[in-house]
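What follows is a short report on a single structure.
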Amino acid sequence: MSKGLPETRTDAAMSELVPEPRPKPAVPMKPVSINPNLLGYIGIDTIIEQMRKKTMKTGFDFNIMVVGQSGLGKSTLVNTLFKSQVSRKASSWNREEKIPKTVEIKAIGHVIEEGGVKMKLTVIDTPGFGDQINNENCWEPIEKYINEQYEKFLKEEVNIARKKRIPDTRVHCCLYFISPTGHSLRPLDLEFMKHLSKVVNIIPVIAKADTMTLEEKSEFKQRVRKELEVNGIEFYPQKEFDEDLEDKTENDKIRQESMPFAVVGSDKEYQVNGKRVLGRKTPWGIIEVENLNHCEFALLRDFVIRTHLQDLKEVTHNIHYETYRAKRLNDNGGLPPVSVDTEESHDSNP
Amino acid sequence: MSKQQPTQFINPETPGYVGFANLPNQVHRKSVKKGFEFTLMVVGESGLGKSTLINSLFLTDLYPERVIPGAAEKIERTVQIEASTVEIEERGVKLRLTVVDTPGYGDAINCRDCFKTIISYIDEQFERYLHDESGLNRRHIIDNRVHCCFYFISPFGHGLKPLDVAFMKAIHNKVNIVPVIAKADTLTLKERERLKKRILDEIEEHNIKIYHLPDAESDEDEDFKEQTRLLKASIPFSVVGSNQLIEAKGKKVRGRLYPWGVVEVENPEHNDFLKLRTMLITHMQDLQEVTQDLHYENFRSERLKRGGRKVENEDMNKDQILLEKEAELRRMQEMIARMQAQMQMQMQGGDGDSAVHGHHV
């Protein structure tokens with residue numbers, strides 16, 4: 001419990017940006033465990049309920065980007081994830097559109113509701129990525145888009161008269177689709193992830209996983225994991241942002257065993273053992289999307305939506321956005337003219 | 001009297017019988033003794049199951065010591081050409097099969113120069129054959145020309161990719177292209193039909209000339225005609241390869257075992273592997289012929305027209321040729337004018353020196 005002496009590097013860095021904290025009011029060294037029965041119930045825990053109600057009322061934004069070569073099932077997977085037609089592709093497969101000559105960024109927004117909670121979901125598609133003969137630098141339009149969203153947010157944030165709730169168009173999660181070759185990553189995959197893992201949360205997924213037998217799948221996943229590690233690519237959940245031991249063990253397990261998730265998407269239902277399931281029907285059997293023995297779609301869905309949705313947003317805001325902001329501040333003061341106070345309060349919550 | 005069996009040596013005493021009907025048998029016997037040569041080129045992105053398919057087709061392991069490079073290594077690699085030859089014998093018939101692999105194709109981030117190596121290889125084989133054919137000792141010409149190219153199309157796309165189109169257009173005048181949809185067990189039946197149709201449409205749209213199976217002759221039997229019809233209707237073939245034996249319905253079959261079922265390689269309802277194999281085997285001869293009569297002859301006439309000079313810059317050559325032709329034209333016109341003048345003079349030789357109205361162009 002030192003006063004003002006920086007113990008870690010982050011503390012030192014922090015103290016350069018933040019004015020010296022005011023001396024803390026005297027508190028006992030160890031918190032005395034309070035027996036609620038003795039002293040009566042205070043009601044602090046109701047704050048969780050209050051937050052929940054607030055979130056339900058305001059709803060929240062989630063922006064997910066999908067990147068990968070044409071035909072890897074990106075649109076189908078996103079539709080399957082959110083159980084609605086949220087991507088730019090209609091459910092039928094009549095893709096009369098030609099492959100665009102350059103990478104395009106197409107963002108489509110939907111409001112979906114579940115259990116009284118409203119989510120404004122934006123799916124950002126990147127048609128044309130990796131489809132040309134010459135794919136050099138085809139990640140640049142994507143990087144540009146992501147940074148543009150950070151810039152938009154930054155401009156709002158430094159405004160003198162700020163909106164109560166800054167519209168958040170920043171990309172919270174980028175699903176990168178790996179082609180299931182069974183061999184290894186492709187050079188383009190490496191290049192993309194190297195460049196973009198520093199600006200956005202990348203979740204690599206193995207597309208169309210019904211191409212591989214169980215053995216092939218497990219070998220391929222191991223190989224991909226190794227390649228990502230050897231090339232220093234930090235995909236989400238990044239090791240350095242694990243907050244405590246609990247996070248670390250949970251995320252370690254996901255990082256080392258489950259990821260990259262080998263998924264299959266589908267928007268068609270079939271009858272299997274008396275139940276209607278989402279799947280793909282082939283002459284040799286029905287592949288069930290939500291059957292963990294068949295593919296890892298359910299794991300991906302739980303991961304992105306049911307357990308780590310909020311964390312994805314937080315890491316985007318607290319880490320990627322802050323990195324961008326710090327860079328902008330250091331780059332010859334490129335921010336529009338603002339008052340000194342607003343600049344330093346960088347711990348404002350969205 | 002002798003029995004009218006075509007394979008037996010018919011009684012030479014039969015009136016009117018010469019005996020050359022036996023020629024096909026002689027050819028057959030000689031071919032069997034000599035053996036057949038066939039060169040098959042395999043082109044496609046990494047990871048489409050090309051090697052597995054080749055091994056499945058010829059029931060062998062052509063790549064025993066294979067090492068698959070990682071992505072970082074692939075960044076630096078250019079397209080290689082690797083030819084492996086294997087001698088297969090079946091019922092006394094020998095086949096010397098050369099499989100030309102093209103690792104590195106389609107891997108690079110920029111694939112602009114992907115096919116230069118491949119096209120050079122094909123041309124080199126033609127060049128070598130031309131050289132041998134024009135040489136003095138023509139008894140033992142080895143035919144290393146590429147007779148057929150299996151082009152692997154990814155089942156993950158929505159049709160042909162820009163690279164597919166560009167490559168096929170670059171080689172369709174040099175080699176017989178057989179497009180193959182790889183890893184067909186990724187697709188449901190409906191998806192497969194859609195993809196096939198889409199690919200055929202795109203091939204037509206871009207005027208790509210793929211190998212066309214010749215129609216069955218009218219004197220062939222119905223079964224063969226029907227088989228040919230079926231084959232033609234299934235192009236491009238969507239195939240699955242495997243040499244693993246899986247237990248299915250009580251028997252051991254070659255296939256792939258998934259949690260949801262077994263894909264059988266040799267089951268025509270699962271994929272077109274058998275069709276591809278049939279096509280290759282029954283049309284091996286035709287593929288060789290088309291290579292000889294069409295692609296090689298094309299190459300040869302182009303080559304000889306150039307008169308042995310290697311074309312460095314095609315545009316420059318065109319201008320040069322144009323200039324040369326113009327000069328020649330002028331020379332010929334002058335010659336004609338002179339001849340005309342001569343004729344005039346001869347005709348009017350007795351008339352004295354009347355003016356010669358020659359038309360000089």
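Following the order of the structure tokens, chains are lettered A, B, ..., residues in each are numbered from 1, and ligands are numbered from 1.
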Quick one: which residues from chain B are at most 7 Å off chain A, using only C-alpha atoms, as a tab-separated table (two decimals) with C-alpha atoms, in the first residue's frame?
```
chain	number	residue	atom	x	y	z
B	47	GLY	CA	-5.03	-28.28	-49.76
B	48	LEU	CA	-7.61	-29.26	-52.37
B	68	ILE	CA	3.79	-29.89	-46.08
B	70	GLY	CA	3.79	-23.88	-43.21
B	71	ALA	CA	2.32	-20.57	-44.24
B	72	ALA	CA	5.44	-18.57	-43.46
B	74	LYS	CA	4.87	-20.47	-48.49
B	75	ILE	CA	5.25	-16.70	-48.53
B	107	ASP	CA	-0.44	-19.85	-52.55
B	108	ALA	CA	1.20	-16.48	-52.88
B	109	ILE	CA	-0.53	-13.28	-51.92
B	110	ASN	CA	0.18	-12.04	-55.42
B	111	CYS	CA	-0.41	-14.81	-57.92
B	112	ARG	CA	0.25	-12.78	-61.01
B	156	PHE	CA	-15.72	-23.42	-51.21
B	157	GLY	CA	-16.22	-20.67	-53.72
B	158	HIS	CA	-19.30	-19.71	-55.64
B	161	LYS	CA	-12.15	-17.51	-59.10
B	162	PRO	CA	-10.36	-14.82	-61.14
B	163	LEU	CA	-7.18	-16.90	-60.92
B	185	ASP	CA	-18.05	-34.04	-49.73
B	186	THR	CA	-18.22	-30.42	-48.61
B	188	THR	CA	-24.85	-31.12	-50.51
B	189	LEU	CA	-26.30	-32.50	-53.73
B	257	LEU	CA	-15.31	-41.43	-41.87
B	258	TYR	CA	-17.27	-38.56	-40.35
B	259	PRO	CA	-19.33	-38.48	-37.16
B	260	TRP	CA	-22.43	-38.21	-39.31
B	261	GLY	CA	-21.69	-40.88	-41.86
B	262	VAL	CA	-19.23	-42.41	-44.26
B	263	VAL	CA	-18.45	-40.92	-47.66
B	270	HIS	CA	-21.65	-39.84	-53.24
```
Once DSSP has gone over the backbone, tell me which residues of range 43-225 of chain A are in alpha helix (DSSP H), as a PyMOL selection string. chain A and resi 46-58+74-81+140-157+187-196+214-225
For range 286-295 of chain B: contacts at 9 Å, only C-alpha atoms, fewer than 5 positions along chain excluded, given as a list in words: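 Counting only the stated atoms, we get Phe38, Arg145, Val146, His147, Cys148, His172, Asn173, Lys174, Val175, Asn176, Tyr211, Leu213, Pro214, Leu280 and Arg300 of chain B.
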Please produce a file of those selected residues containing N, CA and C atoms, as an mmCIF file, in the first residue's frame.
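Below is the file that was written, again.cif:
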```
data_model
loop_
_atom_site.group_PDB
_atom_site.id
_atom_site.type_symbol
_atom_site.label_atom_id
_atom_site.label_comp_id
_atom_site.auth_asym_id
_atom_site.auth_seq_id
_atom_site.Cartn_x
_atom_site.Cartn_y
_atom_site.Cartn_z
ATOM 1 N N PHE B 38 1.856 -41.842 -70.501
ATOM 2 C CA PHE B 38 0.855 -40.808 -70.294
ATOM 3 C C PHE B 38 1.352 -39.813 -69.270
ATOM 4 N N ARG B 145 5.223 -34.914 -73.396
ATOM 5 C CA ARG B 145 4.266 -33.817 -73.513
ATOM 6 C C ARG B 145 3.108 -34.057 -72.557
ATOM 7 N N VAL B 146 2.571 -32.945 -72.074
ATOM 8 C CA VAL B 146 1.485 -33.068 -71.114
ATOM 9 C C VAL B 146 0.197 -33.403 -71.870
ATOM 10 N N HIS B 147 -0.348 -34.584 -71.603
ATOM 11 C CA HIS B 147 -1.530 -35.013 -72.344
ATOM 12 C C HIS B 147 -2.820 -34.515 -71.744
ATOM 13 N N CYS B 148 -2.771 -34.251 -70.438
ATOM 14 C CA CYS B 148 -4.015 -33.870 -69.786
ATOM 15 C C CYS B 148 -3.700 -33.061 -68.536
ATOM 16 N N HIS B 172 -5.494 -23.109 -72.281
ATOM 17 C CA HIS B 172 -6.457 -23.967 -72.988
ATOM 18 C C HIS B 172 -6.067 -24.269 -74.421
ATOM 19 N N ASN B 173 -5.083 -23.503 -74.967
ATOM 20 C CA ASN B 173 -4.628 -23.824 -76.313
ATOM 21 C C ASN B 173 -3.369 -24.672 -76.296
ATOM 22 N N LYS B 174 -2.982 -25.085 -75.096
ATOM 23 C CA LYS B 174 -1.743 -25.857 -75.026
ATOM 24 C C LYS B 174 -1.951 -27.253 -74.468
ATOM 25 N N VAL B 175 -3.041 -27.429 -73.752
ATOM 26 C CA VAL B 175 -3.198 -28.723 -73.094
ATOM 27 C C VAL B 175 -4.684 -28.997 -72.899
ATOM 28 N N ASN B 176 -5.030 -30.273 -72.801
ATOM 29 C CA ASN B 176 -6.426 -30.626 -72.549
ATOM 30 C C ASN B 176 -6.762 -30.349 -71.091
ATOM 31 N N TYR B 211 -11.519 -29.787 -72.317
ATOM 32 C CA TYR B 211 -11.505 -31.015 -73.111
ATOM 33 C C TYR B 211 -12.926 -31.546 -73.241
ATOM 34 N N LEU B 213 -15.312 -34.612 -74.327
ATOM 35 C CA LEU B 213 -15.325 -36.047 -74.635
ATOM 36 C C LEU B 213 -15.937 -36.241 -76.010
ATOM 37 N N PRO B 214 -15.308 -37.056 -76.831
ATOM 38 C CA PRO B 214 -15.902 -37.291 -78.150
ATOM 39 C C PRO B 214 -17.192 -38.092 -77.997
ATOM 40 N N LEU B 280 -10.898 -41.048 -67.676
ATOM 41 C CA LEU B 280 -9.461 -41.003 -67.913
ATOM 42 C C LEU B 280 -8.989 -42.257 -68.623
ATOM 43 N N ARG B 300 3.674 -26.339 -82.926
ATOM 44 C CA ARG B 300 4.665 -26.540 -83.978
ATOM 45 C C ARG B 300 4.553 -25.480 -85.047
#
```
Just want the 10 Å neighbourhood of range 195-199 of chain A, counted on only C-alpha atoms, with same-chain residues fewer than 2 positions away dropped. Output as a ChimeraX atom specification. /A:139-140,142-143,146-147,150,171,174,190-193,201-203,232-236,238,316,319-321,323-324
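Of the listed residues B:Asn137, B:Asn144, B:Thr78, B:Asn271, the one whose atoms come nearest to Cys114 in chain B is B:Thr78, with distances taken using only C-alpha atoms.
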Distance query Met56 in chain A at most 7 Å, only C-alpha atoms, self and fewer than 2 positions along chain excluded, as a PyMOL selection string: chain A and resi 52-54+58-59+116-118
Taking the DSSP secondary structure from the backbone, can you list the residues of range 74-314 of chain A that are strand (DSSP E or B), as a VMD selection string? chain A and resid 106 to 114 117 to 125 134 173 to 178 202 to 206 261 to 262 269 to 272 275 to 282 285 to 288
Quick one, how far is CA of Thr122 in chain A from CA of Thr169 in chain A?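 Interatomic distance here is 8.3 Å.
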Please identify all polymer residues within 9 Å of Lys221 in chain A, counting only C-alpha atoms, omitting same-chain residues fewer than 4 positions from it, and present them as a list of chain:residue names. A:Gly182, A:Ser184, A:Ile206, A:Glu216, A:Lys217, A:Arg225, A:Lys226, A:Glu257, A:Ser258, A:Met259, A:Pro260, A:Phe261, A:Ala262
Generate a file of the selected residues that holds C-alpha atoms, formatted as a compact mmCIF listing (two decimals), in the first residue's frame.
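Once everything was written out, this is result21.txt:
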```txt
# COMPACT_ATOMS: atom_id res chain seq x y z
CA GLY A 182 -6.18 -29.36 -43.81
CA SER A 184 -1.77 -24.96 -42.82
CA ILE A 206 -12.19 -22.63 -39.44
CA GLU A 216 -7.90 -34.06 -39.74
CA LYS A 217 -9.71 -31.37 -37.79
CA ARG A 225 -2.48 -22.75 -33.33
CA LYS A 226 1.22 -23.42 -33.60
CA GLU A 257 -7.94 -26.42 -26.81
CA SER A 258 -10.97 -25.00 -28.49
CA MET A 259 -9.71 -22.25 -30.71
CA PRO A 260 -9.79 -21.83 -33.59
CA PHE A 261 -13.40 -23.01 -33.60
CA ALA A 262 -14.18 -25.35 -36.47
```
